[in-house]
Amino acid sequence: MATKDERYDKMAYEFIKVSITAYSITAIIGGLLAFSLFMFYPDFMKYMTRLFGPTMLAYALIFFAESASLYIYYYGWHAMHYGFLKWVHLTIGLVLNAVGTMLMFLANSWVTFMLSPGGVDAAGAFQGDIWKVIHNFLWNPINLHRFVANIAYGGSIVGAYAAYRFLSARNETEKAHYDWMGYTANLIAIGALLPLPFAGYWLTAEIYAYSQQMGITLMGGVFAWLFITQAVIIGALFLSANYYLWCGMERSPGAYRYTKYIKYIAGVIAVCFLVWFTPHTLILKPWELKTLGGQYHPFLGPLGIMPAKNTAVNNMLIFTFLSFLLYRRANKIPTVSWAAAGSAIQAAIFIAAILNIVYLGVYYGYFTNTVYKVASSVPQVASTLTVIISCMVIDVLMFKGAKDVGEFRWGKMPQRSQYALFLLAVSFTWLMGLMGFIRSAIRQHWHVYTVMRDNSLDAFTPTIGYAAKVVSIATVIFMAIVIFIFWLSQLSAKKQEDKSKLHPEVIPYEPAAKPLKPETETE
Amino acid sequence: MKIFFRVIVFSVLTIVLYMLFATQYIPPINPAPPPKEEALNLGAMTMPQFIALGEKIFNGKGTCTLCHNPVVKRAPLLESVAVRANERLKDPRYKGKAKNPADYIEESMREPSAYVVAGFGVTGTNDTVSPMPVITAGAIGLNDVEVKAVVAYLLQLGGAEIPFEVPRGQPVAEKKEGQAAAPAKTGAEVVKKYGCGGCHKIAGEAGAIGPDLTKIGAKRNVEYLRRAVLDPDADIAQGFPGGMMPKDFGDKMTAGEFKLLVEFLAKSK
């Protein structure tokens with residue numbers, strides 16, 4: 001059995017291999033995008049180049065550094081594997097990441113300048129301080145948001161890769177490896193997804209602070225529906241994350257003790273999802289819109305803070321956490337004397353929190369006046385956090401030195417569970433596209449908000465539906481490329497295997513590799 | 001290969017599902033088209049037409065209803081602002097210069113913080129800073145005629161007297177948006193765009209802070225002219241103070257504009 005470190009090492013190496021292909025495609029597409037921008041928006045790009053010229057040059061140079069460190073990192077993997085050289089190698093890996101982040105921050109400054117121009121006067125003329133142009137009002141909020149989101153997104157893509165390789169694995173060893181990889185990547189993705197709403201909240205608050213008008217366009221106007229779409233997709237992600245955890249319980253021989261609870265958890269989460277999914281407004285036809293007196297439906301603004309939805313989402317979080325706890329203990333028998341009491345306390349905390357959340361939701365939602373409706377969200381989130389933190393602490397203490405029921409079996413996963421990992425990657429990509437649309441759309445008819453207007457004859461702000469179509473096409477293309485890259489990597493793995501048969505000294509690290517028994521698809 | 005296709009099909013199905021949600025479930029609301037600057041025939045316009053124009057701007061280009069609407073209550077309703085205005089003017093917190101409702105409304109639009117309605121100020125400023133944007137600037141950018149039209153509309157809405165006529169004459173030139181991006185096409189345009197005439201006698205303008213440039217091409221060579229614009233302090237013209245002329249024209253102008261300008265100056269003989 002490989003040690004943990006070696007496993008991570010192998011995962012990193014494998015993925016950097018995939019990244020090399022992806023990197024060249026990125027460069028090509030980036031070039032394509034830049035050319036199209038200069039071709040279709042010559043005046044706008046001329047203006048941007050005049051302002052951002054030095055940073056664009058810096059971008060090109062840093063991109064060069066990025067390529068250099070990527071190639072050294074990849075090709076030097078085996079040459080720098082032990083002792084001091086390993087540290088050098090790790091440092092290069094860090095540099096690679098730092099440089100990549102710098103690239104992103106630079107590009108972010110161009111994008112946020114278009115939203116909240118800084119360092120120029122009212123007519124858009126440069127004031128002489130390039131730092132003010134870069135460090136415009138929304139730069140840091142976007143930097144943070146994208147930084148966190150990139151970790152989640154990266155995790156989801158690695159997860160999809162692992163899923164692909166799992167599905168095409170030819171023996172149990174491979175399956176075990178890719179199962180572990182998928183699980184780890186998924187954990188990273190979900191872990192980074194959780195703080196993302198807070199980064200999003202900060203960004204939104206800063207948009208309001210920069211321009212109330214823009215904030216209202218974003219949250220209260222036409223685009224409010226977009227956040228409903230976002231909520232639904234995040235709900236779907238929760239469902240699939242749970243599903244993945246439940247499937248993962250098959251890895252533990254002791255899981256049979258808990259499987260009977262899964263159907264109830266599934267039921268609760270499904271109900272929560274439905275509440276989350278049901279809008280508090282009917283679908284409006286144009287004439288209905290007219291009777292309402294405008295494009296803005298009265299409930300759209302408050303929808304985001306609707307107590308019913310808050311109740312649903314908090315319960316969804318709590319039950320997802322419950323799935324995680326069950327998953328954790330599926331293969332364990334606690335040895336501490338207070339185990340029964342511990343579980344009872346955990347159960348009590350769960351029940352108290354759920355009751356509290358439901359009570360708050362119902363009370364504030366239906367028995368107080370509108371102004372106070374907001375008041376429920378903070379104590380509800382506090383209840384959820386209390387459950388997560390306190391039960392996690394109890395759990396860690398309780399399962400210290402716990403006995404295993406049997407051998408934990410990586411790779412013992414149904415094939416269909418892997419599609420949950422794919423769902424994550426696809427959903428993230430699609431959602432990212434849509435959120436990118438809204439980020440640009442709130443500028444409305446401005447290239448650079450308040451400074452440079454889009455005066456072209458056919459300028460218009462697309463509807464969400466239109467944008468969704470474009471985003472869908474882009475996502476299909478993107479996923480096709482990504483899956484193609486996965487397929488390529490698996491192609492190269494095939495050759496390696498033939499060689500290892502010729503050299504018997506290269507033995508797989510789990511000698512008792514069982515033959516793969518055919519899996520029956522139930523989907 | 002089988003898995004390749006299966007995974008692709010799964011991904012495409014997911015995407016199609018999302019797309020159906022966003023196109024079928026979500027109502028198709030068209031975001032407002034970009035506001036247009038209409039060619040106004042002010043000469044023939046009657047007061048009722050002018051008021052109607054104000055209403056249109058109020059609901060459209062002015063984006064006033066984004067905040068001033070009965071549903072979300074982000075800002076005071078304006079139906080009776082014309083009546084309320086007299087109380088506002090008497091309020092000791094009032095810091096503006098308006099003397100009558102018409103001026104008060106216009107001032108509210110041009111300098112929102114001159115008087116901030118209690119409870120509506122930016123959080124933490126104790127009602128001294130208004131969250132309302134200056135509507136003659138930025139993303140809204142109404143011109144003077146449009147402002148007057150909205151004032152007329154709001155006065156009429158509150159049943160107040162309109163103390164002015166429909167402004168005749170030409171509408172004030174629209175603020176040139178994206179000016180920085182559209183490079184000037186002739187040397188004279190460059191001079192205008194960068195305001196050289198504020199200080200110099202040049203291209204029909206008569207600034208007197210700097211030297212007369214109408215015959216500068218006869219006196220100075222191209223090399224000197226370039227330097228004089230890019231680095232004004234390199235040579236100080238006799239009889240004039242140094243350090244006055246802005247030093248950042250080189251950054252602001254495009255290379256093409258700079259070339260046009262130097263040619264223009266060199267030809268001014």
# chains A, B, ... in the order shown; residues from 1 in each chain; ligands from 1
call {"tool": "interface_residues", "arguments": {"of": "chain A", "to": "chain B", "cutoff": "7 Å", "atoms": "only C-alpha atoms", "output": "count of residues only"}}
result
34
call {"tool": "select_by_dssp", "arguments": {"residues": "region 12-141 of chain B", "states": "alpha helix (DSSP H)", "output": "ChimeraX atom specification"}}
result
/B:12-20,47-59,81-90,101-110
call {"tool": "write_last_selection", "arguments": {"atoms": "N, CA and C atoms", "output": "CSV table (one decimal), in the first residue's frame"}}
result
chain,number,residue,atom,x,y,z
B,12,VAL,N,-23.9,16.6,-21.6
B,12,VAL,CA,-24.8,17.4,-22.5
B,12,VAL,C,-26.2,17.4,-21.9
B,13,LEU,N,-26.7,16.2,-21.4
B,13,LEU,CA,-28.0,16.2,-20.8
B,13,LEU,C,-28.1,17.1,-19.7
B,14,THR,N,-27.1,17.1,-18.8
B,14,THR,CA,-27.2,18.1,-17.7
B,14,THR,C,-27.3,19.5,-18.2
B,15,ILE,N,-26.5,19.8,-19.1
B,15,ILE,CA,-26.4,21.2,-19.6
B,15,ILE,C,-27.8,21.6,-20.3
B,16,VAL,N,-28.3,20.6,-21.0
B,16,VAL,CA,-29.6,20.9,-21.7
B,16,VAL,C,-30.7,21.1,-20.6
B,17,LEU,N,-30.6,20.3,-19.5
B,17,LEU,CA,-31.6,20.5,-18.4
B,17,LEU,C,-31.5,21.9,-17.8
B,18,TYR,N,-30.3,22.3,-17.6
B,18,TYR,CA,-30.1,23.7,-17.0
B,18,TYR,C,-30.6,24.7,-18.0
B,19,MET,N,-30.3,24.5,-19.3
B,19,MET,CA,-30.7,25.5,-20.3
B,19,MET,C,-32.2,25.6,-20.3
B,20,LEU,N,-32.9,24.4,-20.3
B,20,LEU,CA,-34.4,24.4,-20.3
B,20,LEU,C,-34.9,25.1,-19.1
B,47,MET,N,-46.1,72.8,-23.8
B,47,MET,CA,-45.8,72.4,-22.4
B,47,MET,C,-46.3,71.0,-22.1
B,48,PRO,N,-47.5,70.6,-22.5
B,48,PRO,CA,-47.9,69.2,-22.2
B,48,PRO,C,-47.0,68.2,-22.9
B,49,GLN,N,-46.5,68.5,-24.1
B,49,GLN,CA,-45.6,67.6,-24.7
B,49,GLN,C,-44.3,67.5,-24.0
B,50,PHE,N,-43.9,68.7,-23.5
B,50,PHE,CA,-42.7,68.8,-22.7
B,50,PHE,C,-42.8,67.9,-21.4
B,51,ILE,N,-44.0,68.0,-20.8
B,51,ILE,CA,-44.2,67.2,-19.6
B,51,ILE,C,-44.2,65.7,-19.9
B,52,ALA,N,-44.8,65.4,-21.0
B,52,ALA,CA,-44.8,64.0,-21.4
B,52,ALA,C,-43.4,63.5,-21.6
B,53,LEU,N,-42.6,64.4,-22.2
B,53,LEU,CA,-41.2,64.0,-22.4
B,53,LEU,C,-40.5,63.7,-21.0
B,54,GLY,N,-40.9,64.6,-20.1
B,54,GLY,CA,-40.3,64.4,-18.7
B,54,GLY,C,-40.7,63.1,-18.1
B,55,GLU,N,-42.0,62.7,-18.3
B,55,GLU,CA,-42.5,61.5,-17.8
B,55,GLU,C,-41.7,60.3,-18.4
B,56,LYS,N,-41.5,60.4,-19.7
B,56,LYS,CA,-40.8,59.3,-20.4
B,56,LYS,C,-39.4,59.2,-19.8
B,57,ILE,N,-38.8,60.3,-19.6
B,57,ILE,CA,-37.4,60.2,-19.1
B,57,ILE,C,-37.4,59.7,-17.7
B,58,PHE,N,-38.4,60.1,-16.9
B,58,PHE,CA,-38.5,59.7,-15.5
B,58,PHE,C,-38.6,58.2,-15.5
B,59,ASN,N,-39.4,57.6,-16.3
B,59,ASN,CA,-39.6,56.1,-16.3
B,59,ASN,C,-38.6,55.4,-17.1
B,81,VAL,N,-43.8,65.6,-4.4
B,81,VAL,CA,-42.6,66.3,-4.0
B,81,VAL,C,-42.8,67.8,-4.2
B,82,ALA,N,-43.5,68.1,-5.2
B,82,ALA,CA,-43.7,69.6,-5.5
B,82,ALA,C,-44.3,70.3,-4.3
B,83,VAL,N,-45.2,69.6,-3.6
B,83,VAL,CA,-45.9,70.2,-2.5
B,83,VAL,C,-44.9,70.2,-1.3
B,84,ARG,N,-44.3,69.0,-1.1
B,84,ARG,CA,-43.4,68.8,0.0
B,84,ARG,C,-42.2,69.8,0.0
B,85,ALA,N,-41.9,70.2,-1.2
B,85,ALA,CA,-40.7,71.0,-1.4
B,85,ALA,C,-40.7,72.2,-0.5
B,86,ASN,N,-41.8,72.8,-0.3
B,86,ASN,CA,-41.9,74.1,0.5
B,86,ASN,C,-41.4,73.8,1.9
B,87,GLU,N,-41.9,72.6,2.5
B,87,GLU,CA,-41.5,72.2,3.8
B,87,GLU,C,-40.0,72.0,3.9
B,88,ARG,N,-39.5,71.3,2.8
B,88,ARG,CA,-38.0,71.0,2.8
B,88,ARG,C,-37.2,72.3,2.9
B,89,LEU,N,-37.7,73.3,2.1
B,89,LEU,CA,-36.9,74.5,2.0
B,89,LEU,C,-36.9,75.2,3.4
B,90,LYS,N,-37.9,75.0,4.2
B,90,LYS,CA,-37.9,75.6,5.5
B,90,LYS,C,-37.2,74.8,6.6
B,101,PRO,N,-40.1,75.4,-5.3
B,101,PRO,CA,-40.2,74.0,-5.6
B,101,PRO,C,-39.4,73.5,-6.9
B,102,ALA,N,-39.6,74.3,-7.9
B,102,ALA,CA,-38.9,73.9,-9.2
B,102,ALA,C,-37.4,73.8,-9.0
B,103,ASP,N,-36.8,74.8,-8.3
B,103,ASP,CA,-35.4,74.8,-8.1
B,103,ASP,C,-35.0,73.7,-7.1
B,104,TYR,N,-35.9,73.5,-6.2
B,104,TYR,CA,-35.6,72.4,-5.2
B,104,TYR,C,-35.5,71.1,-5.9
B,105,ILE,N,-36.4,70.8,-6.8
B,105,ILE,CA,-36.4,69.5,-7.5
B,105,ILE,C,-35.2,69.4,-8.4
B,106,GLU,N,-34.9,70.5,-9.1
B,106,GLU,CA,-33.7,70.4,-9.9
B,106,GLU,C,-32.5,70.2,-9.1
B,107,GLU,N,-32.4,70.9,-8.0
B,107,GLU,CA,-31.2,70.8,-7.1
B,107,GLU,C,-31.1,69.3,-6.6
B,108,SER,N,-32.3,68.7,-6.2
B,108,SER,CA,-32.2,67.3,-5.8
B,108,SER,C,-31.6,66.4,-6.8
B,109,MET,N,-31.8,66.7,-8.1
B,109,MET,CA,-31.3,65.9,-9.1
B,109,MET,C,-29.8,66.2,-9.4
B,110,ARG,N,-29.4,67.4,-9.3
B,110,ARG,CA,-28.1,67.8,-9.6
B,110,ARG,C,-27.1,67.7,-8.4
call {"tool": "atom_distance", "arguments": {"atom1": "CA of Ala44 (chain B)", "atom2": "CA of Leu142 (chain B)"}}
result
21.1 Å
call {"tool": "atom_distance", "arguments": {"atom1": "CA of Gly361 (chain A)", "atom2": "CA of Asn310 (chain A)"}}
result
7.3 Å
call {"tool": "closest_residue", "arguments": {"among": "A:Ser323, A:Ser427, A:Ser36, A:Thr21", "to": "Gly248 (chain A)", "atoms": "only C-alpha atoms"}}
result
A:Ser323
call {"tool": "residues_around", "arguments": {"residues": "Ile333 (chain A)", "least_positions_apart": "4", "cutoff": "10 Å", "atoms": "only C-alpha atoms", "output": "ChimeraX atom specification"}}
result
/A:254,329,339,398-399,401-405
call {"tool": "atom_distance", "arguments": {"atom1": "CA of Tyr419 (chain A)", "atom2": "CA of Ile485 (chain A)"}}
result
17.6 Å
call {"tool": "residues_around", "arguments": {"residues": "Phe321 (chain A)", "least_positions_apart": "6", "cutoff": "10 Å", "atoms": "only C-alpha atoms", "output": "NGL selection string"}}
result
:A and (242 or 315 or 327 or 384 or 387-388 or 391-392)
call {"tool": "residues_around", "arguments": {"residues": "region 173-178 of chain A", "least_positions_apart": "6", "cutoff": "6 Å", "atoms": "only C-alpha atoms", "output": "JSON, numbers by chain"}}
result
{"A": [162, 166, 410, 411, 513]}
call {"tool": "residues_around", "arguments": {"residues": "region 355-358 of chain A", "least_positions_apart": "3", "cutoff": "9 Å", "atoms": "only C-alpha atoms", "output": "PyMOL selection string"}}
result
chain A and resi 308+310-312+314-315+350-352+361-363+376+379-381+383-384
call {"tool": "select_by_dssp", "arguments": {"residues": "region 291-446 of chain A", "states": "strand (DSSP E or B)", "output": "list in words"}}
result
Lys332, Ile333, Lys403, Asp404 and Trp446 of chain A
call {"tool": "write_last_selection", "arguments": {"atoms": "N, CA and C atoms", "output": "PDB file, in the first residue's frame"}}
result
ATOM      1  N   LYS A 332     -16.518   2.556  11.642  1.00  0.00           N
ATOM      2  CA  LYS A 332     -15.814   2.697  12.917  1.00  0.00           C
ATOM      3  C   LYS A 332     -16.692   2.255  14.071  1.00  0.00           C
ATOM      4  N   ILE A 333     -16.043   1.726  15.108  1.00  0.00           N
ATOM      5  CA  ILE A 333     -16.726   1.462  16.369  1.00  0.00           C
ATOM      6  C   ILE A 333     -15.969   2.240  17.438  1.00  0.00           C
ATOM      7  N   LYS A 403     -12.115   1.532  16.665  1.00  0.00           N
ATOM      8  CA  LYS A 403     -11.802   0.293  15.938  1.00  0.00           C
ATOM      9  C   LYS A 403     -12.456   0.333  14.564  1.00  0.00           C
ATOM     10  N   ASP A 404     -11.792  -0.277  13.581  1.00  0.00           N
ATOM     11  CA  ASP A 404     -12.423  -0.418  12.274  1.00  0.00           C
ATOM     12  C   ASP A 404     -13.294  -1.661  12.274  1.00  0.00           C
ATOM     13  N   TRP A 446     -22.927  49.965 -21.292  1.00  0.00           N
ATOM     14  CA  TRP A 446     -21.619  50.604 -21.160  1.00  0.00           C
ATOM     15  C   TRP A 446     -20.523  49.580 -21.373  1.00  0.00           C
TER      16      TRP A 446
END
